[in-house]
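Coordinates from upload-v1.csv are shown below (CSV, C-alpha atoms).
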chain,number,residue,atom,x,y,z
A,437,MET,CA,-9.5,-4.7,0.4
A,438,ASP,CA,-11.2,-4.6,-3.0
A,439,GLU,CA,-9.9,-6.3,-6.1
A,440,GLU,CA,-9.4,-3.0,-7.9
A,441,PHE,CA,-6.9,-2.0,-5.2
A,442,GLU,CA,-4.7,-5.0,-5.7
A,443,GLN,CA,-1.3,-4.4,-4.2
A,444,LEU,CA,1.2,-3.4,-6.8
A,445,THR,CA,4.3,-2.5,-4.9
A,446,VAL,CA,6.3,-5.5,-3.7
A,447,PRO,CA,7.8,-5.0,-0.2
A,448,PRO,CA,11.6,-5.3,-0.3
A,449,ASP,CA,11.6,-8.6,1.7
A,450,GLY,CA,9.4,-10.1,-1.0
A,451,ARG,CA,7.0,-11.7,1.5
A,452,SER,CA,3.2,-11.7,1.0
A,453,PRO,CA,1.1,-8.7,2.2
A,454,ALA,CA,-0.4,-10.8,5.0
A,455,GLU,CA,3.1,-11.3,6.5
A,456,GLN,CA,3.9,-7.6,6.4
A,457,PRO,CA,3.9,-5.4,9.5
A,458,ARG,CA,0.7,-3.4,10.1
A,459,TRP,CA,2.3,-0.1,9.2
A,460,ARG,CA,2.5,-1.1,5.6
A,461,GLN,CA,-1.3,-1.2,5.5
A,462,ASP,CA,-1.5,2.2,7.2
A,463,PHE,CA,1.1,3.9,4.9
A,464,PRO,CA,0.8,2.2,1.6
A,465,ILE,CA,3.1,3.2,-1.3
A,466,ASP,CA,0.5,2.5,-3.9
A,467,TRP,CA,-1.5,5.6,-4.8
A,468,PRO,CA,-4.9,3.9,-5.0
A,469,GLN,CA,-4.6,2.4,-1.6
A,470,ASP,CA,-3.3,5.6,-0.1
A,471,GLU,CA,-6.4,7.5,-1.5
A,472,TYR,CA,-8.7,4.7,-0.4
A,473,LEU,CA,-10.8,5.3,2.7
A,474,SER,CA,-12.4,2.1,3.9
A,475,ARG,CA,-15.9,2.0,5.3
A,476,ARG,CA,-14.4,0.7,8.6
A,477,GLU,CA,-12.0,3.6,8.8
A,478,PHE,CA,-14.7,6.1,8.1
A,479,ILE,CA,-16.9,4.6,10.8
A,480,LYS,CA,-14.0,4.6,13.2
A,481,PHE,CA,-13.4,8.2,12.5
A,482,LEU,CA,-17.1,9.1,13.1
A,483,LEU,CA,-17.3,7.1,16.3
A,484,LEU,CA,-14.1,8.5,17.8
A,485,THR,CA,-15.1,12.1,16.8
A,486,SER,CA,-18.5,11.7,18.4
A,487,ALA,CA,-17.0,10.0,21.4
A,488,ALA,CA,-14.7,13.0,21.8
A,489,PHE,CA,-17.7,15.4,21.7
A,490,SER,CA,-19.6,13.3,24.2
A,491,ALA,CA,-16.6,13.2,26.6
A,492,GLY,CA,-16.5,17.0,26.3
A,493,GLN,CA,-20.1,17.3,27.3
A,494,LEU,CA,-19.5,14.9,30.2
A,495,TRP,CA,-16.6,17.0,31.3
A,496,PHE,CA,-18.9,20.0,31.5
A,497,LEU,CA,-21.3,18.1,33.7
A,498,VAL,CA,-18.5,16.9,36.0
A,499,ALA,CA,-17.0,20.4,36.2
A,500,ASN,CA,-20.4,21.8,37.2
A,501,PHE,CA,-20.8,19.2,39.8
A,502,LEU,CA,-17.4,19.9,41.3
A,503,ARG,CA,-18.1,23.6,41.3
A,504,GLN,CA,-21.3,23.0,43.3
A,505,ARG,CA,-19.3,20.9,45.8
A,506,GLU,CA,-16.9,23.7,46.4
A,507,ALA,CA,-17.0,25.0,50.0
A,508,ALA,CA,-19.2,28.0,50.2
A,509,ALA,CA,-17.3,31.3,50.7
A,510,THR,CA,-17.4,32.4,54.3
A,511,ALA,CA,-19.3,35.5,55.3
A,512,GLN,CA,-17.2,38.6,55.4
A,513,VAL,CA,-17.9,42.2,56.4
A,514,ILE,CA,-17.1,44.5,53.6
A,515,ALA,CA,-18.1,47.9,54.9
A,516,ARG,CA,-20.4,49.8,57.2
A,517,VAL,CA,-23.7,50.8,55.6
A,518,ASP,CA,-23.0,54.4,56.5
A,519,ASP,CA,-19.6,54.4,54.8
A,520,VAL,CA,-21.1,54.1,51.3
A,521,PRO,CA,-23.3,57.0,50.2
A,522,VAL,CA,-26.4,56.4,48.0
A,523,GLY,CA,-25.0,56.1,44.4
A,524,GLY,CA,-21.6,55.4,45.7
A,525,SER,CA,-19.5,52.3,45.1
A,526,LEU,CA,-16.6,50.4,46.7
A,527,ILE,CA,-14.1,47.9,45.4
A,528,PHE,CA,-13.3,45.0,47.6
A,529,LYS,CA,-11.6,41.6,47.5
A,530,TYR,CA,-13.7,38.6,48.3
A,531,PRO,CA,-13.5,35.8,49.5
A,532,ALA,CA,-9.7,36.1,49.9
A,533,GLU,CA,-7.2,38.9,49.7
A,534,ASP,CA,-5.8,37.6,46.3
A,535,SER,CA,-9.3,37.2,44.8
A,536,PRO,CA,-10.3,39.3,41.8
A,537,ALA,CA,-11.8,42.7,42.6
A,538,ARG,CA,-15.5,42.9,43.3
A,539,LEU,CA,-17.7,45.9,43.0
A,540,LEU,CA,-20.2,47.0,45.7
A,541,VAL,CA,-22.8,49.6,44.6
A,542,ARG,CA,-25.4,51.3,46.8
A,543,VAL,CA,-28.4,51.6,44.6
A,544,ASP,CA,-30.7,53.4,47.0
A,545,GLU,CA,-31.2,53.8,50.7
A,546,ASN,CA,-31.8,50.1,51.4
A,547,ASN,CA,-30.4,48.2,48.5
A,548,PHE,CA,-26.8,47.2,47.7
A,549,VAL,CA,-25.6,45.1,44.8
A,550,ALA,CA,-22.2,43.5,44.3
A,551,TYR,CA,-20.7,41.9,41.3
A,552,GLU,CA,-17.4,40.7,40.0
A,553,GLN,CA,-15.7,43.8,38.6
A,554,GLN,CA,-14.4,42.1,35.4
A,555,CYS,CA,-16.4,42.4,32.3
A,556,THR,CA,-17.3,38.9,30.9
A,557,HIS,CA,-16.0,39.8,27.5
A,558,LEU,CA,-12.3,40.5,28.0
A,559,THR,CA,-12.1,41.2,31.8
A,560,CYS,CA,-11.8,45.0,31.7
A,561,PRO,CA,-13.1,46.6,34.9
A,562,VAL,CA,-16.7,47.8,34.7
A,563,ILE,CA,-17.8,51.2,36.0
A,564,PRO,CA,-21.1,51.8,37.7
A,565,HIS,CA,-23.5,54.5,36.3
A,566,VAL,CA,-26.1,54.4,39.0
A,567,ASP,CA,-28.2,57.3,37.6
A,568,VAL,CA,-29.0,55.3,34.5
A,569,GLY,CA,-29.0,51.9,36.3
A,570,GLU,CA,-26.2,50.4,34.2
A,571,LEU,CA,-22.6,49.1,34.6
A,572,HIS,CA,-20.5,50.3,31.8
A,573,CYS,CA,-17.4,48.6,30.3
A,574,PRO,CA,-15.2,51.2,28.6
A,575,CYS,CA,-13.1,48.8,26.5
A,576,HIS,CA,-15.7,47.7,24.0
A,577,GLU,CA,-18.8,49.6,25.1
A,578,GLY,CA,-20.3,46.7,27.0
A,579,VAL,CA,-23.3,47.5,29.2
A,580,PHE,CA,-24.7,45.5,32.1
A,581,ASP,CA,-27.9,46.0,34.0
A,582,LEU,CA,-27.1,47.4,37.5
A,583,LEU,CA,-29.8,45.5,39.3
A,584,THR,CA,-29.2,42.0,37.8
A,585,GLY,CA,-25.7,42.1,36.3
A,586,ARG,CA,-27.0,40.7,33.0
A,587,PRO,CA,-25.6,42.0,29.7
A,588,LEU,CA,-27.7,44.7,27.9
A,589,ALA,CA,-25.5,45.8,25.0
A,590,GLY,CA,-22.1,45.3,23.5
A,591,PRO,CA,-19.9,42.3,23.2
A,592,PRO,CA,-20.5,40.6,26.6
A,593,ARG,CA,-22.9,37.7,26.4
A,594,ARG,CA,-22.7,36.3,30.0
A,595,PRO,CA,-23.8,38.0,33.2
A,596,LEU,CA,-21.4,39.2,35.8
A,597,ALA,CA,-20.8,36.9,38.8
A,598,LEU,CA,-23.0,37.9,41.6
A,599,VAL,CA,-21.9,38.4,45.2
A,600,THR,CA,-24.7,37.8,47.5
A,601,LEU,CA,-25.1,40.3,50.3
A,602,GLU,CA,-26.7,40.7,53.7
A,603,ILE,CA,-27.1,43.6,56.0
A,604,ARG,CA,-26.2,42.7,59.6
A,605,GLU,CA,-26.2,45.2,62.4
A,606,GLY,CA,-25.3,48.1,60.1
A,607,ASN,CA,-22.6,46.2,58.2
A,608,VAL,CA,-22.7,45.0,54.6
A,609,VAL,CA,-21.7,41.4,54.6
A,610,ALA,CA,-20.8,39.3,51.6
A,611,THR,CA,-22.1,35.7,52.0
A,612,GLY,CA,-21.2,34.0,48.8
A,613,ILE,CA,-20.5,34.1,45.1
A,614,GLU,CA,-22.9,33.0,42.4
A,615,LYS,CA,-21.2,32.2,39.1
A,616,ARG,CA,-23.7,32.4,36.3
A,617,THR,CA,-23.6,31.4,32.7
A,618,VAL,CA,-27.0,32.8,31.6
B,455,MET,CA,-4.1,5.1,-29.8
B,456,THR,CA,-2.1,2.4,-28.1
B,457,ARG,CA,-3.1,1.7,-24.5
B,458,ALA,CA,-0.6,3.1,-22.1
B,459,THR,CA,-0.1,-0.2,-20.2
B,460,GLU,CA,1.3,-1.8,-23.3
B,461,MET,CA,3.9,0.9,-23.8
B,462,GLU,CA,7.2,0.5,-22.0
B,463,PHE,CA,10.3,2.6,-21.6
B,464,PHE,CA,13.7,1.4,-22.8
B,465,ILE,CA,17.0,3.1,-22.1
B,466,ASP,CA,19.8,2.2,-24.4
B,467,PRO,CA,22.8,4.2,-23.1
B,468,SER,CA,25.1,2.9,-25.9
B,469,ARG,CA,23.0,4.9,-28.4
B,470,CYS,CA,23.2,8.2,-26.4
B,471,ILE,CA,25.1,10.9,-28.3
B,472,GLY,CA,25.0,13.5,-25.5
B,473,CYS,CA,22.9,16.1,-27.4
B,474,GLN,CA,21.0,17.2,-24.3
B,475,ALA,CA,17.7,17.3,-26.3
B,476,CYS,CA,16.0,15.2,-23.6
B,477,VAL,CA,17.2,17.5,-20.9
B,478,GLN,CA,15.7,20.5,-22.7
B,479,ALA,CA,12.5,18.7,-23.6
B,480,CYS,CA,12.1,17.6,-20.0
B,481,THR,CA,12.0,21.2,-18.8
B,482,GLU,CA,8.9,21.7,-21.1
B,483,CYS,CA,6.9,19.0,-19.4
B,484,ASP,CA,3.9,20.4,-17.5
B,485,THR,CA,4.2,18.1,-14.5
B,486,HIS,CA,7.4,19.5,-13.1
B,487,LYS,CA,7.2,23.2,-13.3
B,488,GLY,CA,10.0,24.0,-15.8
B,489,GLN,CA,12.6,21.9,-14.0
B,490,SER,CA,14.5,19.2,-15.9
B,491,MET,CA,14.4,15.9,-14.2
B,492,ILE,CA,16.9,14.2,-16.5
B,493,GLN,CA,20.6,14.3,-15.8
B,494,LEU,CA,23.0,13.4,-18.6
B,495,ASP,CA,26.0,11.7,-16.9
B,496,TYR,CA,29.4,11.5,-18.5
B,497,VAL,CA,30.7,8.0,-17.9
B,498,ASP,CA,34.4,8.8,-17.9
B,499,ARG,CA,35.0,12.3,-19.4
B,500,HIS,CA,38.8,11.8,-19.6
B,501,THR,CA,38.7,8.8,-21.9
B,502,SER,CA,35.3,8.8,-23.6
B,503,PRO,CA,32.6,11.2,-24.7
B,504,GLN,CA,30.1,8.5,-23.8
B,505,THR,CA,27.0,9.9,-21.9
B,506,VAL,CA,24.2,8.2,-20.1
B,507,PRO,CA,20.7,9.7,-19.7
B,508,VAL,CA,19.4,9.0,-16.1
B,509,ILE,CA,15.7,8.9,-15.7
B,510,CYS,CA,13.7,7.3,-13.0
B,511,MET,CA,13.6,3.5,-13.3
B,512,HIS,CA,10.2,3.3,-11.5
B,513,CYS,CA,11.1,0.4,-9.2
B,514,HIS,CA,8.6,-2.3,-8.3
B,515,SER,CA,9.7,-1.8,-4.7
B,516,PRO,CA,10.7,1.9,-4.7
B,517,THR,CA,13.5,2.5,-2.3
B,518,CYS,CA,12.7,6.2,-2.2
B,519,ALA,CA,9.2,5.5,-1.0
B,520,GLU,CA,10.4,2.9,1.5
B,521,VAL,CA,12.7,5.4,3.2
B,522,CYS,CA,10.3,8.3,3.1
B,523,PRO,CA,9.4,9.2,6.7
B,524,ALA,CA,6.6,11.5,5.7
B,525,ASP,CA,4.7,9.0,3.5
B,526,ALA,CA,5.0,11.5,0.6
B,527,ILE,CA,6.2,9.3,-2.3
B,528,LYS,CA,3.4,7.4,-4.0
B,529,ARG,CA,3.2,5.0,-6.9
B,530,THR,CA,0.2,5.1,-9.2
B,531,ALA,CA,-1.7,2.0,-10.2
B,532,ASP,CA,0.2,1.8,-13.5
B,533,GLY,CA,3.5,1.6,-11.7
B,534,VAL,CA,4.8,5.1,-12.0
B,535,VAL,CA,6.5,6.5,-8.9
B,536,GLN,CA,5.5,10.2,-8.6
B,537,THR,CA,7.2,13.3,-7.3
B,538,ALA,CA,6.8,13.7,-3.5
B,539,ARG,CA,3.4,15.1,-2.5
B,540,LYS,CA,3.9,18.8,-1.7
B,541,PRO,CA,1.8,18.9,1.5
B,542,ARG,CA,3.7,15.9,2.9
B,543,CYS,CA,7.3,16.3,1.8
B,544,ILE,CA,9.5,17.6,4.6
B,545,ALA,CA,12.6,18.0,2.3
B,546,CYS,CA,14.7,15.6,4.5
B,547,ASN,CA,16.7,14.2,1.5
B,548,ASN,CA,16.3,10.6,2.6
B,549,CYS,CA,15.1,9.6,-0.9
B,550,VAL,CA,17.9,11.5,-2.6
B,551,LEU,CA,20.4,9.5,-0.6
B,552,ALA,CA,18.7,6.2,-0.7
B,553,CYS,CA,17.8,5.9,-4.4
B,554,PRO,CA,20.3,3.4,-6.0
B,555,PHE,CA,20.0,5.1,-9.3
B,556,GLY,CA,20.5,8.7,-8.0
B,557,VAL,CA,17.2,10.0,-9.5
B,558,PRO,CA,15.3,12.1,-6.9
B,559,LYS,CA,16.3,15.7,-6.8
B,560,MET,CA,15.8,18.1,-3.9
B,561,ASN,CA,14.4,21.4,-4.9
B,562,ASN,CA,15.6,23.6,-2.1
B,563,ARG,CA,13.7,26.7,-3.2
B,564,MET,CA,10.4,24.8,-3.0
B,565,ASN,CA,11.5,22.4,-0.2
B,566,LEU,CA,10.2,19.6,-2.3
B,567,MET,CA,11.7,16.4,-3.8
B,568,MET,CA,11.0,16.3,-7.5
B,569,LYS,CA,11.7,13.4,-9.7
B,570,CYS,CA,11.1,12.0,-13.2
B,571,ASP,CA,7.4,10.9,-13.3
B,572,MET,CA,7.6,9.6,-16.8
B,573,CYS,CA,5.7,12.7,-17.9
B,574,TYR,CA,2.6,11.4,-16.2
B,575,ASP,CA,0.3,13.9,-17.9
B,576,ARG,CA,1.4,12.5,-21.2
B,577,THR,CA,2.0,8.7,-20.7
B,578,SER,CA,-1.2,8.3,-18.8
B,579,VAL,CA,-3.1,9.2,-21.9
B,580,GLY,CA,-0.9,7.2,-24.3
B,581,LEU,CA,1.5,9.9,-25.4
B,582,LYS,CA,5.3,9.5,-25.3
B,583,PRO,CA,7.3,11.1,-22.5
B,584,MET,CA,8.9,14.4,-23.6
B,585,CYS,CA,12.5,12.9,-23.6
B,586,ALA,CA,11.6,9.9,-25.7
B,587,SER,CA,9.7,12.0,-28.2
B,588,VAL,CA,12.8,14.1,-28.9
B,589,CYS,CA,15.7,11.7,-28.6
B,590,PRO,CA,17.3,11.7,-32.1
B,591,SER,CA,19.1,8.4,-31.6
B,592,GLN,CA,16.3,6.7,-29.7
B,593,ALA,CA,18.5,6.0,-26.7
B,594,LEU,CA,15.4,6.8,-24.9
B,595,PHE,CA,12.7,4.7,-26.5
B,596,TYR,CA,9.0,4.5,-25.5
B,597,GLY,CA,7.0,1.9,-27.2
B,598,MET,CA,5.9,-1.7,-27.4
B,599,ARG,CA,8.2,-4.5,-26.5
B,600,GLU,CA,7.7,-6.3,-29.8
B,601,GLU,CA,8.6,-3.1,-31.6
B,602,ILE,CA,12.0,-2.8,-29.9
B,603,GLU,CA,12.8,-6.5,-30.2
B,604,LYS,CA,12.3,-6.2,-34.0
B,605,LEU,CA,14.3,-2.9,-34.2
B,606,ARG,CA,17.3,-4.0,-32.1
B,607,PRO,CA,17.8,-7.7,-32.5
B,608,ARG,CA,21.3,-7.5,-31.0
B,609,SER,CA,20.2,-6.2,-27.7
B,610,ARG,CA,18.1,-7.5,-24.9
B,611,SER,CA,16.3,-5.7,-22.1
B,612,VAL,CA,17.1,-6.0,-18.5
B,613,ASN,CA,15.0,-4.8,-15.6
B,614,SER,CA,16.6,-6.4,-12.6
B,615,PHE,CA,19.6,-4.9,-10.9
B,616,GLN,CA,21.7,-6.0,-8.0
B,617,PHE,CA,23.0,-3.6,-5.4
B,618,GLY,CA,24.8,-5.5,-2.7
B,619,ASN,CA,22.1,-7.7,-1.2
B,620,GLN,CA,19.3,-5.7,-2.7
B,621,THR,CA,17.8,-6.9,-6.0
B,622,VAL,CA,15.9,-4.0,-7.6
B,623,THR,CA,13.4,-4.8,-10.4
B,624,THR,CA,12.1,-1.9,-12.4
B,625,LYS,CA,9.3,-0.8,-14.7
B,626,VAL,CA,11.8,0.9,-17.0
B,627,ASN,CA,14.1,-1.4,-19.1
B,628,MET,CA,17.8,-1.1,-19.8
B,629,MET,CA,19.0,-2.3,-23.2
B,630,VAL,CA,22.2,-4.4,-23.0
B,631,PRO,CA,24.1,-6.3,-25.7
B,632,ARG,CA,22.4,-9.7,-26.1
B,633,GLN,CA,25.5,-11.8,-25.9
B,634,SER,CA,27.7,-10.1,-23.3
B,635,PRO,CA,27.8,-11.3,-19.7
B,636,ILE,CA,26.7,-9.0,-16.9
B,637,ASP,CA,29.3,-7.2,-14.8
B,638,LEU,CA,29.1,-6.9,-11.1
B,639,VAL,CA,31.1,-4.1,-9.6
B,640,ASP,CA,32.1,-3.5,-6.0
B,641,VAL,CA,31.0,0.1,-5.9
B,642,ALA,CA,32.9,1.0,-2.7
B,643,ALA,CA,36.1,-0.5,-4.0
B,644,SER,CA,35.8,0.9,-7.5
B,645,LEU,CA,35.7,4.4,-6.1
B,646,HIS,CA,39.4,4.0,-5.2
B,647,GLN,CA,40.7,1.6,-7.8
B,648,ILE,CA,39.6,0.1,-11.0
B,649,THR,CA,39.4,-3.7,-10.5
B,650,ALA,CA,38.7,-6.3,-13.1
B,651,PRO,CA,34.9,-6.8,-13.1
B,652,GLN,CA,33.5,-10.0,-11.8
B,653,THR,CA,31.2,-11.7,-14.3
B,654,MET,CA,28.1,-13.7,-13.9
B,655,ALA,CA,26.1,-15.7,-16.3
B,656,PRO,CA,23.6,-13.7,-18.5
B,657,ALA,CA,20.9,-16.1,-17.5
B,658,GLU,CA,20.9,-14.7,-13.9
B,659,ASP,CA,19.8,-11.4,-15.5
B,660,ALA,CA,21.1,-9.0,-12.9
B,661,LEU,CA,23.0,-5.9,-13.7
B,662,LEU,CA,24.8,-3.4,-11.6
B,663,ALA,CA,23.5,0.1,-12.3
B,664,ASN,CA,27.0,1.5,-12.6
B,665,MET,CA,28.2,-1.2,-14.9
B,666,PHE,CA,29.2,1.7,-17.2
B,667,VAL,CA,31.6,3.0,-14.6
B,668,SER,CA,33.6,-0.2,-14.6
B,669,GLY,CA,35.7,1.0,-17.6
Take the structure in this file and express it as structure tokens.
Amino acid sequence: MDEEFEQLTVPPDGRSPAEQPRWRQDFPIDWPQDEYLSRREFIKFLLLTSAAFSAGQLWFLVANFLRQREAAATAQVIARVDDVPVGGSLIFKYPAEDSPARLLVRVDENNFVAYEQQCTHLTCPVIPHVDVGELHCPCHEGVFDLLTGRPLAGPPRRPLALVTLEIREGNVVATGIEKRTV
Amino acid sequence: MTRATEMEFFIDPSRCIGCQACVQACTECDTHKGQSMIQLDYVDRHTSPQTVPVICMHCHSPTCAEVCPADAIKRTADGVVQTARKPRCIACNNCVLACPFGVPKMNNRMNLMMKCDMCYDRTSVGLKPMCASVCPSQALFYGMREEIEKLRPRSRSVNSFQFGNQTVTTKVNMMVPRQSPIDLVDVAASLHQITAPQTMAPAEDALLANMFVSG
């Protein structure tokens, strides 16, 4: 410690500063020492802060990796093709009964799309407007593209999770869920 | 202007006339928000009108700061122990209970311990503290040591006090008669009965803070 911060306060036991416990250095009574931030402390602060940020980034990588390792959802029949009229929609649970609601929309004669029904802003249910090709969230006027599930307007910034579909023998079959961040 | 480090505070309780001027002046100091940090104690109201002004002694090893769990009480480089820092003080009253001189005061409205800071805005620039500037009998004296030695040849200053096993040395000086020995009082016992004070040689230079209570 610098000369100008010479210790003024004498500890009650009267022993020298070197013999004092460590906490006396950390919580000095003298104002100049209390205000003083040593270069070593500052560098320690910078290092620990950046280490925390790096650990956060690593955690994102690990979380991504774990999500990819998750067992793929099993294929599941949602409905018969004939049950959903063109422009019509259907709410289903996938992959399990306690999963969040998914939305199946028949866009035209041959094409179906299915998304997570919760808006990516504050999880209000979205409503399909097939005539204008949009999914509309009534809570904060959020709009998603019906064909891709990507946000078009309003507060949501992330696309809706996509349920991949196949048509097998006149049945609409969900084959998996694709979580997307962009 | 005299440099602040050469100026010292001397309390001479035997000169106190109990006029309360210091108490009033203290409220006008800018550093403690209109609150008076001085208390004027009566020694023994039944037998004597003698009063003692109590200001912070600014210990070299401040017991209040030692016991503070929130690291709120700090001492500036010139040895003045300051009021607790507002963002840190948790109003736990540890310092109020621990101070051997009974100086810190808890402000319950602000949840802040406030204490005499020797009018830091004034003394740090070489002015006298408010109380010393108004004291008509100069029981509270702020000035150079040579000055008071010349003015009061029959007194000597003491800044070391014994409380049980704890020896407290202070920045503020207490004026005592030059010749008389120093009394040691068993505080706990004297609460119940007045005993003859033990004496020790003046050379040892230790004084019990409530020597004035011994009667």
| field | Contact residues (chain A, partner chain B, 6 Å, all atoms listed in the file) as JSON, numbers by chain | value | {"A": [445, 446, 447, 448, 465, 466, 467]}
Dump as a CSV table (one decimal), in the frame of the given file, selection limited to C-alpha atoms:
chain,number,residue,atom,x,y,z
A,445,THR,CA,4.3,-2.5,-4.9
A,446,VAL,CA,6.3,-5.5,-3.7
A,447,PRO,CA,7.8,-5.0,-0.2
A,448,PRO,CA,11.6,-5.3,-0.3
A,465,ILE,CA,3.1,3.2,-1.3
A,466,ASP,CA,0.5,2.5,-3.9
A,467,TRP,CA,-1.5,5.6,-4.8
| So what do you get for CA of Ile514 (chain A) versus CA of Cys555 (chain A), distance-wise? |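 Computing it gives 21.4 Å between the two atoms.
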| query | Within 12 Å of Val599 (chain A), counting all atoms listed in the file, which residues qualify if same-chain residues fewer than 5 places away don't, as a PyMOL selection string? | reply | chain A and resi 508-512+514+528-531+537-541+548-553+584-585+608-616
| said: So that I can check the surroundings of Val612 (chain B), please list as a VMD selection string every protein, DNA and RNA residue that reaches within 6 Å of it, counting all atoms listed in the file and ignoring chain neighbours fewer than 2 positions away. | reply: chain B and resid 614 627 to 628
| remark: Nearest to Leu581 (chain B), restricted to all atoms listed in the file and choosing among B:Leu551, B:Met461, B:Ala479, B:Ile509, comes out as B:Met461
| field | Gap from CA of Asp567 (chain A) to CA of Leu526 (chain A) - Å, one decimal | value | 16.3 Å
| query | Expressed in Å to a single decimal, how great is the separation between CA of Ile492 (chain B) and CA of Cys546 (chain B)? | reply |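 Taking CA of Ile492 (chain B) and CA of Cys546 (chain B), their separation equals 21.2 Å.
Considering all atoms listed in the file, the residue among A:Leu483, A:Arg458, A:Asn547, A:Asp519 positioned nearest to Glu602 (chain A) is A:Asn547.
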| Closest of A:Glu506, A:Phe481, A:Pro564, A:Trp495 to Gly578 (chain A) - atom-to-atom distances counting all atoms listed in the file | A:Pro564
| request: Rank nothing, just name the residue among B:Val626, B:Val508, B:Cys518, B:Ala552 nearest to Arg599 (chain B), using all atoms listed in the file. | output: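 Nearest candidate to Arg599 (chain B) out of B:Val626, B:Val508, B:Cys518, B:Ala552: B:Val626.
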| Nearby residues (only C-alpha atoms) at most 8 Å from region 462-465 of chain B, same-chain spacing under 4 positions excluded, as a list in words |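 So the residues in contact are Pro507, Ala593, Leu594, Phe595, Tyr596, Gly597, Met598, Arg599, Ser611, Lys625, Val626, Asn627, Met628 and Met629 of chain B.
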